[in-house]
Each structure stands twice: as C-alpha cells, then as structure tokens.
Amino acid sequence: MGENLQPRIELICLLVLPLVGAFIVALLGHERQVLVRRVSLVVTCVVFFLALLLAYRFINLPASAPIASETPTFRPVFVPGSPGVSQDGRGMVIPHGTHWDLVRFGHGGIQFYIGLDGLNLWLVVLTAVLSLPAVLISWNQINERVNEFYAWLLALQTAMMGIFLSFDIILFYVFFELSLVPLYFLIGIWGGPERRHAAGKFFIFTLTGSLITLLGVLGVVLACYTKSGELTFSIPRLVELVHLRLDIAGEREFWGGVQTYVFLALMAGFAVKVPLVPFHTWLPLAHVEAPTAGSVDLAGVLLKVGAYGFLRLCVPLAPDVSLTLGLPMISALATIGIVYGALCAYAQDDIKKMVAYSSVSHLGMCMLGMFALNSTGVSGSLMQMINHGLSTAGLFLIVGMLYERYHTRKMSDYGGMASKLPLLSAFMVFVCLTSVGLPGLNGFIGEALVLFGSFEQQYVVNKEWPIYAVVASSGMVLGAWYLFTMLQKVFFGTLKEPEVHGHESGPPIADLSFREWGVLLPIAIMCVVIGVWPQPMLDASRKDIAVIEQVAQKARARLNESGRPGAPAVAVRVREGNTK
C-alpha cells in the first residue's frame, strides 16, 4: 500500500489557489471590476491546468498488479507531502506523513487527509473544467458587486474540490456543508426575481439532509470505536474496520442494526443532493433563479456530490443494507425519477426549467447504475456523472447566452433562431445530441453501461425480469423527445425574435463572441473525446470500482452464509441466483 503512494503538491494547490483567489478579489473592491475578472480567470486557468496535469500523470502511472486483500478499502494514489510507511499492530503496511492532525482525541483524531484515486479523479477534473466557463460566462452578465460574486464563485470551487479530495470523513462533511454557503449567496444576491425564496428553499432542504447525514457519520465512527477500540475518522480505515468486524460472525447482528441506521442517515443528505425523487423539489426553482454560473456549478458538479457520497461512503460503510434495502429502494426511486423527470421536462415552456428537470432524469440513471452493485453499472454511473456534468453545463451556458441577448427563456417567445444565430444554434444541437446519448458522443457509453449493469443485476444474478433496465431505457427516448421538441420550437421554423430584448439602444444581436467560443469549445471537445475514446476514464477507475464490487460480493456471500429466516426478499433471491 505505501509503496504505491505518489506525493503530489498539486493537490494542495487545487484547494489553496481558489481560496487565495477568493480573498484577493474580495479585497480588490467594487471599483476594479476588470482586474477582479482577470484575477479570477487566471486562478481558474491555473487550477484547470493543474487538474489536467494530475489526470495525465495518473493515467500514465506504470501498471501494477492489483493488491490482494481480504478486506476491501480505498487507497489514494496521489497524496500531498512525502509519504512514508509503517506497520500497524497486525503487520499491515500503512502510509504516514500524508496527512496532518487537525483535532486530536487521545490516539485518534480528525486529520487533513486528502488524496486522489480512481473514484474522485475525473470529478476533480470536472470541477476544474466547469469552473472556467463559469467565470467566463459571468464576464458581461454580472455587473453589480462583481468582486463579491467572483469571491463566492472561487470559494465554491474550493469547497467542491475539498469534498472530492477528502479522505477524512469529518473533513468531507465540513466541505460538504461549506459548499452550501457560497451557492446560497450566489443565488440569493445575483439570481432572478424569486432568488431569495429559491436560495432559502435550497439551503433548508440541503442543510436538513446534511444534519441527518452528520448523525450517520458520527454513528459509524462511534460503532467502530466501540467494537475495535480504535478512534479514526479516516475513510479508508473506517471501511476497513467495518469489514473486519463484519467477518466476525458474532458481531453481525450488532452491525446489521448499525448499517441500517448509517445507510438511512447518510442517504438523507445524499438523496437530497442528487436529487432523488421525491427529494428533488428544491432543484427546479434553484436552477431557474440562479445566475448562469451558479447553474453550471450546481448541475455540473454539486449534484454529483450526492452520488459520490453514496459511492464513497454509503455502499462501503453499509454494504449489507446497501444490498438488501438500498438496491431495491434506490433502483426503484431512480427509475421513477428517470421517467418522471423526463415527462416534467417535456411539459416546461421555460428552457432553463426544462434543463433542470432533465437533471432529475439523468441523475436517476447515475443512481440506477451505481446500485446495480457490479463493475459494469458502477463504471457507467461514474462515467455518466462526468457526461451529465459536461452536457448539462453546456445546455445551461447556451441558455444563459440566449437570455443575455433577449432577456427571456420562454420557448413560445422564440422561433427559427438558427437563421439569426447559426453558430449558437449549432452548439445547442450538438449539446442536445450529447445529452440524448448519440453513439460517438460522451452520453452513449455511460448510459449503455448503466443499462447493461442493471440488466445483469436483475436478470443474470437475481433471475428476475429486468424491469428497471427496461423502464430506464425509455428515458433515452423521452430525453430525445423533449430536447428535440425544444430545438424545433426555438431554433427551427420561421424566425420569431422576442419583441422586447433590452437591446433597442445597443448594438445589434450578434452570434457567438470570441469569449463564448472559449466557453463552449472545451466542453464540446471533451464530449467528443470521451465518446470516441472512453478507455482512459474506465481504466483509471477500474481498481477502485473493483473495491465497490468486492464489497457487494462479500455482502452477498454473508447473506448466502446466514440463510436466516426473515431475511429480506431480495437477499433470498440473491442466494437463489448464486446457487443456480
């Protein structure tokens, strides 16, 4: 374990640079708007290139044989500092010098423990990529309290990076909560007419779920301390301790109750953040009222925090309950969300609200693949997080550009805009094709893997009719339905420009500017690259996804072994499927 650690100071820079940039632009004041924008752009560009550099070095690491271990846990590959190795009481090699104490409790404590592995690598890259267009799209859209706006935007980038990089469960939770504050102010100050109501609803929903999640976090830490005598907040060590105790038959009844409590408590916060139906009601209003940059970060990155929390914490720390309760419940809610979100999207006349409801549908696809609990489904889920971030961010950016020109988002106000704005329209058609999963673009491979994984879990393992995969596949058809309907209404047919667009005394409406090309082109390139060459993404995450699959396999084995009366029906079907 220790010999595979790679010291990378860039990890610290990913957290510190945006935070330092936030302080700098806040201190520059309201008068230096041009300088504020340039400093913010420089900071996000540096973070962008650092993230790409880390990704390049990660995928080019020498291939190594998988580490054989009976106890599944996560192992960060890139860590800050100079790693050393030592041995614990059982002779296991563990890293030290890769994290620093924040709060000590006797022999344990909360640590500044960050790292990079296959599960968070591409989410870190996604955060860096989408922060750049968020800064650029606000260049002309935000003209009041500019320094405050960019300070909160950079602070939000730090919080999002911190969530994905954290390998200490309390550090994860702190960044998880901190991400609420910048977005609350971005929506509440620079949002639309109902911005205060939207910001308040967003904050109340997410804070309530997060506080329940805190109970789950403390519950798993205290349970591990009670049974092992070791107080730790390290996520890899907590996962290891849980599985070590689950291997002791006499403790399984105790851990069965703990797992149920931990799973439901963690789910409360993560389900709101995803958002799963019926915890989604805060999302459409928040998206509609948020400034374009806020919508990009919210849909592109923050919605992935909930799915990532399920993947990093829920499944590894509550494996048996994830199988017996989480699999049927989350799969059902995700499938309902796929269809419900698509139908709601079709019913909208506001383009931005349509894109918001499409996120409910697409994130349902992510959760369906994750709770297939096999490598195919989890690979598709992780890839679909990245794909949705790129495609939906692209949609929100183009809607923002259209609104900047005409100050309306109503489909009924538009018509035939392709003849007026051909380049913007071409990008909108392209991004819609990525969102519906056209083969050769990024959306296709993720959705295909999710459906294959769900089919494998139900039909191959459980010997059931694959109802989740069948119903979820309709989401692809419905997605094409509402997106192509929007394209037909807004961009094709007879030209119909909104009568009032706020530019009567200004320059005529123009097509994409050089800055807007810079906003959209990197997203378009990444969509094509992922669609044509997805293998680096799949290879980089393979070992860590294998940990998730090992967790699920061990949970199935325990259910097979117990054969206890009154076990959940899904467990019985799993046992039957494995014995045929």
# chains A, B, ... in the order shown; residues from 1 in each chain; ligands from 1

$ closest_atom_pairs --of "stretch 361-421 of chain A" --to "stretch 289-301 of chain A" --cutoff "12 Å" --atoms "only C-alpha atoms" --output "Markdown table"
| residue | atom | partner | partner_atom | distance |
| --- | --- | --- | --- | --- |
| A:His362 | CA | A:Ala299 | CA | 10.7 |
| A:Leu363 | CA | A:Ala299 | CA | 9.9 |
| A:Gln384 | CA | A:Gly300 | CA | 11.4 |
| A:Met385 | CA | A:Gly300 | CA | 8.5 |
| A:Ile386 | CA | A:Gly300 | CA | 8.1 |
| A:Asn387 | CA | A:Gly300 | CA | 9.1 |
| A:His388 | CA | A:Gly300 | CA | 6.9 |
| A:Gly389 | CA | A:Gly300 | CA | 3.8 |
| A:Leu390 | CA | A:Gly300 | CA | 6.5 |
| A:Ser391 | CA | A:Gly300 | CA | 8.3 |
| A:Thr392 | CA | A:Gly300 | CA | 6.5 |
| A:Ala393 | CA | A:Val296 | CA | 4.9 |
| A:Gly394 | CA | A:Val296 | CA | 8.0 |
| A:Leu395 | CA | A:Val296 | CA | 8.9 |
| A:Phe396 | CA | A:Val296 | CA | 6.3 |
| A:Leu397 | CA | A:Thr292 | CA | 6.5 |
| A:Ile398 | CA | A:Thr292 | CA | 9.3 |
| A:Val399 | CA | A:Thr292 | CA | 8.3 |
| A:Gly400 | CA | A:Thr292 | CA | 5.6 |
| A:Met401 | CA | A:Thr292 | CA | 8.8 |
| A:Leu402 | CA | A:Thr292 | CA | 11.0 |
| A:Tyr403 | CA | A:Thr292 | CA | 9.6 |
| A:Glu404 | CA | A:Thr292 | CA | 9.9 |
| A:Arg409 | CA | A:Glu289 | CA | 11.8 |

$ write_last_selection --atoms "N, CA and C atoms" --output "PDB file, in the first residue's frame"
ATOM      1  N   HIS A 362     -31.498  12.420 -15.611  1.00  0.00           N
ATOM      2  CA  HIS A 362     -30.159  11.891 -15.868  1.00  0.00           C
ATOM      3  C   HIS A 362     -29.458  11.411 -14.597  1.00  0.00           C
ATOM      4  N   LEU A 363     -29.679  12.099 -13.482  1.00  0.00           N
ATOM      5  CA  LEU A 363     -29.080  11.641 -12.226  1.00  0.00           C
ATOM      6  C   LEU A 363     -29.744  10.359 -11.742  1.00  0.00           C
ATOM      7  N   GLN A 384     -21.301   8.456 -16.249  1.00  0.00           N
ATOM      8  CA  GLN A 384     -22.476   9.278 -16.509  1.00  0.00           C
ATOM      9  C   GLN A 384     -22.481  10.541 -15.653  1.00  0.00           C
ATOM     10  N   MET A 385     -21.861  10.499 -14.467  1.00  0.00           N
ATOM     11  CA  MET A 385     -21.705  11.727 -13.678  1.00  0.00           C
ATOM     12  C   MET A 385     -20.919  12.766 -14.474  1.00  0.00           C
ATOM     13  N   ILE A 386     -19.823  12.325 -15.078  1.00  0.00           N
ATOM     14  CA  ILE A 386     -18.990  13.252 -15.863  1.00  0.00           C
ATOM     15  C   ILE A 386     -19.752  13.711 -17.098  1.00  0.00           C
ATOM     16  N   ASN A 387     -20.400  12.776 -17.787  1.00  0.00           N
ATOM     17  CA  ASN A 387     -21.129  13.122 -19.008  1.00  0.00           C
ATOM     18  C   ASN A 387     -22.248  14.117 -18.729  1.00  0.00           C
ATOM     19  N   HIS A 388     -23.006  13.862 -17.668  1.00  0.00           N
ATOM     20  CA  HIS A 388     -24.090  14.784 -17.336  1.00  0.00           C
ATOM     21  C   HIS A 388     -23.538  16.163 -16.977  1.00  0.00           C
ATOM     22  N   GLY A 389     -22.424  16.199 -16.251  1.00  0.00           N
ATOM     23  CA  GLY A 389     -21.829  17.481 -15.901  1.00  0.00           C
ATOM     24  C   GLY A 389     -21.469  18.301 -17.127  1.00  0.00           C
ATOM     25  N   LEU A 390     -20.868  17.661 -18.116  1.00  0.00           N
ATOM     26  CA  LEU A 390     -20.474  18.370 -19.331  1.00  0.00           C
ATOM     27  C   LEU A 390     -21.687  18.792 -20.155  1.00  0.00           C
ATOM     28  N   SER A 391     -22.605  17.854 -20.397  1.00  0.00           N
ATOM     29  CA  SER A 391     -23.743  18.138 -21.278  1.00  0.00           C
ATOM     30  C   SER A 391     -24.684  19.163 -20.666  1.00  0.00           C
ATOM     31  N   THR A 392     -25.028  18.990 -19.393  1.00  0.00           N
ATOM     32  CA  THR A 392     -25.974  19.911 -18.766  1.00  0.00           C
ATOM     33  C   THR A 392     -25.349  21.288 -18.564  1.00  0.00           C
ATOM     34  N   ALA A 393     -24.060  21.323 -18.234  1.00  0.00           N
ATOM     35  CA  ALA A 393     -23.387  22.627 -18.143  1.00  0.00           C
ATOM     36  C   ALA A 393     -23.428  23.330 -19.498  1.00  0.00           C
ATOM     37  N   GLY A 394     -23.199  22.580 -20.578  1.00  0.00           N
ATOM     38  CA  GLY A 394     -23.288  23.162 -21.912  1.00  0.00           C
ATOM     39  C   GLY A 394     -24.665  23.728 -22.205  1.00  0.00           C
ATOM     40  N   LEU A 395     -25.709  22.996 -21.816  1.00  0.00           N
ATOM     41  CA  LEU A 395     -27.076  23.479 -22.037  1.00  0.00           C
ATOM     42  C   LEU A 395     -27.342  24.767 -21.255  1.00  0.00           C
ATOM     43  N   PHE A 396     -26.945  24.784 -19.984  1.00  0.00           N
ATOM     44  CA  PHE A 396     -27.168  25.991 -19.182  1.00  0.00           C
ATOM     45  C   PHE A 396     -26.375  27.180 -19.722  1.00  0.00           C
ATOM     46  N   LEU A 397     -25.167  26.929 -20.207  1.00  0.00           N
ATOM     47  CA  LEU A 397     -24.365  28.021 -20.764  1.00  0.00           C
ATOM     48  C   LEU A 397     -25.030  28.625 -21.995  1.00  0.00           C
ATOM     49  N   ILE A 398     -25.545  27.774 -22.879  1.00  0.00           N
ATOM     50  CA  ILE A 398     -26.180  28.282 -24.096  1.00  0.00           C
ATOM     51  C   ILE A 398     -27.482  29.002 -23.768  1.00  0.00           C
ATOM     52  N   VAL A 399     -28.249  28.467 -22.833  1.00  0.00           N
ATOM     53  CA  VAL A 399     -29.473  29.158 -22.402  1.00  0.00           C
ATOM     54  C   VAL A 399     -29.117  30.513 -21.809  1.00  0.00           C
ATOM     55  N   GLY A 400     -28.022  30.577 -21.033  1.00  0.00           N
ATOM     56  CA  GLY A 400     -27.582  31.853 -20.485  1.00  0.00           C
ATOM     57  C   GLY A 400     -27.189  32.846 -21.564  1.00  0.00           C
ATOM     58  N   MET A 401     -26.525  32.363 -22.610  1.00  0.00           N
ATOM     59  CA  MET A 401     -26.149  33.238 -23.717  1.00  0.00           C
ATOM     60  C   MET A 401     -27.385  33.764 -24.441  1.00  0.00           C
ATOM     61  N   LEU A 402     -28.371  32.903 -24.613  1.00  0.00           N
ATOM     62  CA  LEU A 402     -29.615  33.328 -25.266  1.00  0.00           C
ATOM     63  C   LEU A 402     -30.337  34.370 -24.406  1.00  0.00           C
ATOM     64  N   TYR A 403     -30.363  34.123 -23.084  1.00  0.00           N
ATOM     65  CA  TYR A 403     -31.026  35.061 -22.175  1.00  0.00           C
ATOM     66  C   TYR A 403     -30.286  36.396 -22.125  1.00  0.00           C
ATOM     67  N   GLU A 404     -28.962  36.355 -22.214  1.00  0.00           N
ATOM     68  CA  GLU A 404     -28.170  37.585 -22.217  1.00  0.00           C
ATOM     69  C   GLU A 404     -28.533  38.470 -23.399  1.00  0.00           C
ATOM     70  N   ARG A 409     -36.564  33.376 -21.442  1.00  0.00           N
ATOM     71  CA  ARG A 409     -36.247  31.958 -21.633  1.00  0.00           C
ATOM     72  C   ARG A 409     -37.474  31.171 -22.098  1.00  0.00           C
TER      73      ARG A 409
END

$ residues_around --residues "A:Pro193" --least-positions-apart "3" --cutoff "10 Å" --atoms "only C-alpha atoms" --output "list in words"
Gly188, Trp190, Arg196, His197, Ala198, Val288, Glu289 and Ala290 of chain A

$ write_last_selection --atoms "N, CA and C atoms" --output "PDB file, in the first residue's frame"
ATOM      1  N   GLY A 188     -29.010  33.921  -3.926  1.00  0.00           N
ATOM      2  CA  GLY A 188     -29.795  34.918  -3.210  1.00  0.00           C
ATOM      3  C   GLY A 188     -29.502  36.357  -3.594  1.00  0.00           C
ATOM      4  N   TRP A 190     -27.496  37.352  -6.728  1.00  0.00           N
ATOM      5  CA  TRP A 190     -27.391  37.594  -8.167  1.00  0.00           C
ATOM      6  C   TRP A 190     -28.385  36.761  -8.981  1.00  0.00           C
ATOM      7  N   ARG A 196     -34.550  35.023  -3.491  1.00  0.00           N
ATOM      8  CA  ARG A 196     -34.496  34.788  -2.047  1.00  0.00           C
ATOM      9  C   ARG A 196     -35.262  33.533  -1.654  1.00  0.00           C
ATOM     10  N   HIS A 197     -36.416  33.348  -2.251  1.00  0.00           N
ATOM     11  CA  HIS A 197     -37.195  32.138  -1.978  1.00  0.00           C
ATOM     12  C   HIS A 197     -36.429  30.902  -2.444  1.00  0.00           C
ATOM     13  N   ALA A 198     -35.821  30.974  -3.627  1.00  0.00           N
ATOM     14  CA  ALA A 198     -35.060  29.833  -4.161  1.00  0.00           C
ATOM     15  C   ALA A 198     -33.857  29.520  -3.290  1.00  0.00           C
ATOM     16  N   VAL A 288     -33.606  27.765 -11.926  1.00  0.00           N
ATOM     17  CA  VAL A 288     -34.207  28.856 -12.695  1.00  0.00           C
ATOM     18  C   VAL A 288     -33.762  30.219 -12.162  1.00  0.00           C
ATOM     19  N   GLU A 289     -33.671  30.339 -10.838  1.00  0.00           N
ATOM     20  CA  GLU A 289     -33.339  31.638 -10.249  1.00  0.00           C
ATOM     21  C   GLU A 289     -31.836  31.898 -10.160  1.00  0.00           C
ATOM     22  N   ALA A 290     -31.011  30.852 -10.224  1.00  0.00           N
ATOM     23  CA  ALA A 290     -29.560  31.030 -10.100  1.00  0.00           C
ATOM     24  C   ALA A 290     -28.992  31.759 -11.311  1.00  0.00           C
TER      25      ALA A 290
END

$ atom_distance --atom1 "atom CA of A:Val431" --atom2 "atom CA of A:Gly309"
27.4 Å

$ atom_distance --atom1 "atom CA of A:Leu207" --atom2 "atom CA of A:Ile336"
24.7 Å

$ atom_distance --atom1 "atom CA of A:Pro62" --atom2 "atom CA of A:Val79"
16.9 Å

$ closest_residue --among "A:Leu478, A:Val16, A:Tyr340, A:Phe49" --to "A:Ala159" --atoms "only C-alpha atoms"
A:Val16

$ select_by_dssp --residues "stretch 166-413 of chain A" --states "strand (DSSP E or B)" --output "NGL selection string"
:A and (166 or 168 or 234 or 350 or 410)

$ residues_around --residues "A:His280" --least-positions-apart "2" --cutoff "12 Å" --atoms "only C-alpha atoms" --output "PyMOL selection string"
chain A and resi 201-202+205-206+269-278+282-287+303+333-334+337+340-341+356-361+363-364

$ write_last_selection --atoms "N, CA and C atoms" --output "short mmCIF file (atom, residue, chain, number, x, y, z; two decimals), in the first residue's frame"
data_model
loop_
_atom_site.label_atom_id
_atom_site.label_comp_id
_atom_site.auth_asym_id
_atom_site.auth_seq_id
_atom_site.Cartn_x
_atom_site.Cartn_y
_atom_site.Cartn_z
N LYS A 201 -35.05 27.97 0.07
CA LYS A 201 -35.52 26.59 -0.10
C LYS A 201 -34.35 25.65 -0.32
N PHE A 202 -33.40 26.07 -1.16
CA PHE A 202 -32.20 25.26 -1.39
C PHE A 202 -31.45 25.02 -0.08
N PHE A 205 -33.52 22.69 2.53
CA PHE A 205 -33.56 21.29 2.11
C PHE A 205 -32.20 20.62 2.33
N THR A 206 -31.16 21.25 1.81
CA THR A 206 -29.85 20.60 1.85
C THR A 206 -29.26 20.59 3.25
N GLY A 269 -29.01 12.97 3.47
CA GLY A 269 -28.33 14.12 2.88
C GLY A 269 -27.99 13.92 1.42
N PHE A 270 -27.54 12.72 1.08
CA PHE A 270 -27.10 12.48 -0.29
C PHE A 270 -28.27 12.42 -1.27
N ALA A 271 -29.41 11.89 -0.84
CA ALA A 271 -30.57 11.80 -1.73
C ALA A 271 -31.10 13.19 -2.07
N VAL A 272 -31.06 14.11 -1.11
CA VAL A 272 -31.46 15.49 -1.40
C VAL A 272 -30.50 16.13 -2.38
N LYS A 273 -29.23 15.84 -2.22
CA LYS A 273 -28.20 16.47 -3.06
C LYS A 273 -28.22 15.93 -4.48
N VAL A 274 -28.65 14.67 -4.69
CA VAL A 274 -28.54 14.07 -6.03
C VAL A 274 -29.30 14.85 -7.10
N PRO A 275 -30.59 15.13 -7.04
CA PRO A 275 -31.59 14.76 -6.05
C PRO A 275 -32.44 13.60 -6.56
N LEU A 276 -32.75 12.67 -5.67
CA LEU A 276 -33.66 11.58 -5.97
C LEU A 276 -35.11 12.04 -5.78
N VAL A 277 -36.00 11.54 -6.61
CA VAL A 277 -37.43 11.73 -6.37
C VAL A 277 -37.78 10.95 -5.10
N PRO A 278 -38.49 11.49 -4.12
CA PRO A 278 -39.22 12.76 -4.11
C PRO A 278 -38.49 13.90 -3.38
N TRP A 282 -36.61 21.13 -4.49
CA TRP A 282 -35.85 22.39 -4.39
C TRP A 282 -35.11 22.72 -5.69
N LEU A 283 -34.86 21.71 -6.53
CA LEU A 283 -33.93 21.87 -7.64
C LEU A 283 -34.42 22.79 -8.75
N PRO A 284 -35.64 22.59 -9.30
CA PRO A 284 -36.04 23.44 -10.45
C PRO A 284 -36.01 24.92 -10.13
N LEU A 285 -36.52 25.32 -8.96
CA LEU A 285 -36.53 26.74 -8.61
C LEU A 285 -35.12 27.27 -8.43
N ALA A 286 -34.25 26.49 -7.79
CA ALA A 286 -32.86 26.93 -7.61
C ALA A 286 -32.17 27.14 -8.95
N HIS A 287 -32.39 26.24 -9.88
CA HIS A 287 -31.77 26.37 -11.20
C HIS A 287 -32.29 27.59 -11.95
N LEU A 303 -24.48 18.50 -7.91
CA LEU A 303 -25.40 17.36 -7.92
C LEU A 303 -24.64 16.03 -7.87
N LEU A 333 -36.56 4.20 -6.93
CA LEU A 333 -36.65 5.66 -6.94
C LEU A 333 -35.93 6.25 -8.15
N ALA A 334 -34.79 5.68 -8.49
CA ALA A 334 -34.04 6.18 -9.64
C ALA A 334 -34.81 5.97 -10.93
N GLY A 337 -37.58 8.39 -11.11
CA GLY A 337 -37.04 9.70 -11.42
C GLY A 337 -36.67 9.88 -12.88
N TYR A 340 -40.16 10.30 -14.60
CA TYR A 340 -40.84 11.50 -14.08
C TYR A 340 -40.11 12.77 -14.49
N GLY A 341 -38.78 12.79 -14.35
CA GLY A 341 -38.01 13.97 -14.72
C GLY A 341 -38.14 14.29 -16.20
N ALA A 356 -33.36 21.85 -16.01
CA ALA A 356 -33.32 21.47 -14.59
C ALA A 356 -34.01 20.13 -14.36
N TYR A 357 -35.17 19.93 -14.93
CA TYR A 357 -35.88 18.65 -14.76
C TYR A 357 -35.15 17.52 -15.49
N SER A 358 -34.44 17.85 -16.56
CA SER A 358 -33.67 16.81 -17.24
C SER A 358 -32.58 16.27 -16.33
N SER A 359 -32.07 17.11 -15.40
CA SER A 359 -31.07 16.64 -14.46
C SER A 359 -31.63 15.59 -13.52
N VAL A 360 -32.89 15.73 -13.11
CA VAL A 360 -33.53 14.72 -12.28
C VAL A 360 -33.54 13.38 -13.02
N SER A 361 -33.84 13.43 -14.31
CA SER A 361 -33.87 12.20 -15.11
C SER A 361 -32.49 11.60 -15.27
N LEU A 363 -29.68 12.10 -13.48
CA LEU A 363 -29.08 11.64 -12.23
C LEU A 363 -29.74 10.36 -11.74
N GLY A 364 -31.01 10.15 -12.11
CA GLY A 364 -31.63 8.86 -11.83
C GLY A 364 -30.91 7.73 -12.54
#

$ residues_around --residues "stretch 244-254 of chain A" --least-positions-apart "3" --cutoff "10 Å" --atoms "only C-alpha atoms" --output "number ranges by chain"
A: 70-72, 223-224, 227-228, 238-241, 257-259, 319-320, 554-555, 558, 562

$ closest_residue --among "A:Glu549, A:Glu516, A:Asp349, A:Glu447" --to "A:Leu373" --atoms "only C-alpha atoms"
A:Glu549

$ select_by_dssp --residues "stretch 121-289 of chain A" --states "helix (DSSP H, G or I)" --output "PyMOL selection string"
chain A and resi 121-137+146-165+169-178+180-190+195-228+235-246+249-273+283-289

$ closest_residue --among "A:Val135, A:Val124, A:Gly377, A:Ser425" --to "A:Gly453" --atoms "only C-alpha atoms"
A:Gly377

$ closest_residue --among "A:Met267, A:Ile142, A:Val174, A:Val181" --to "A:Leu156" --atoms "only C-alpha atoms"
A:Val181
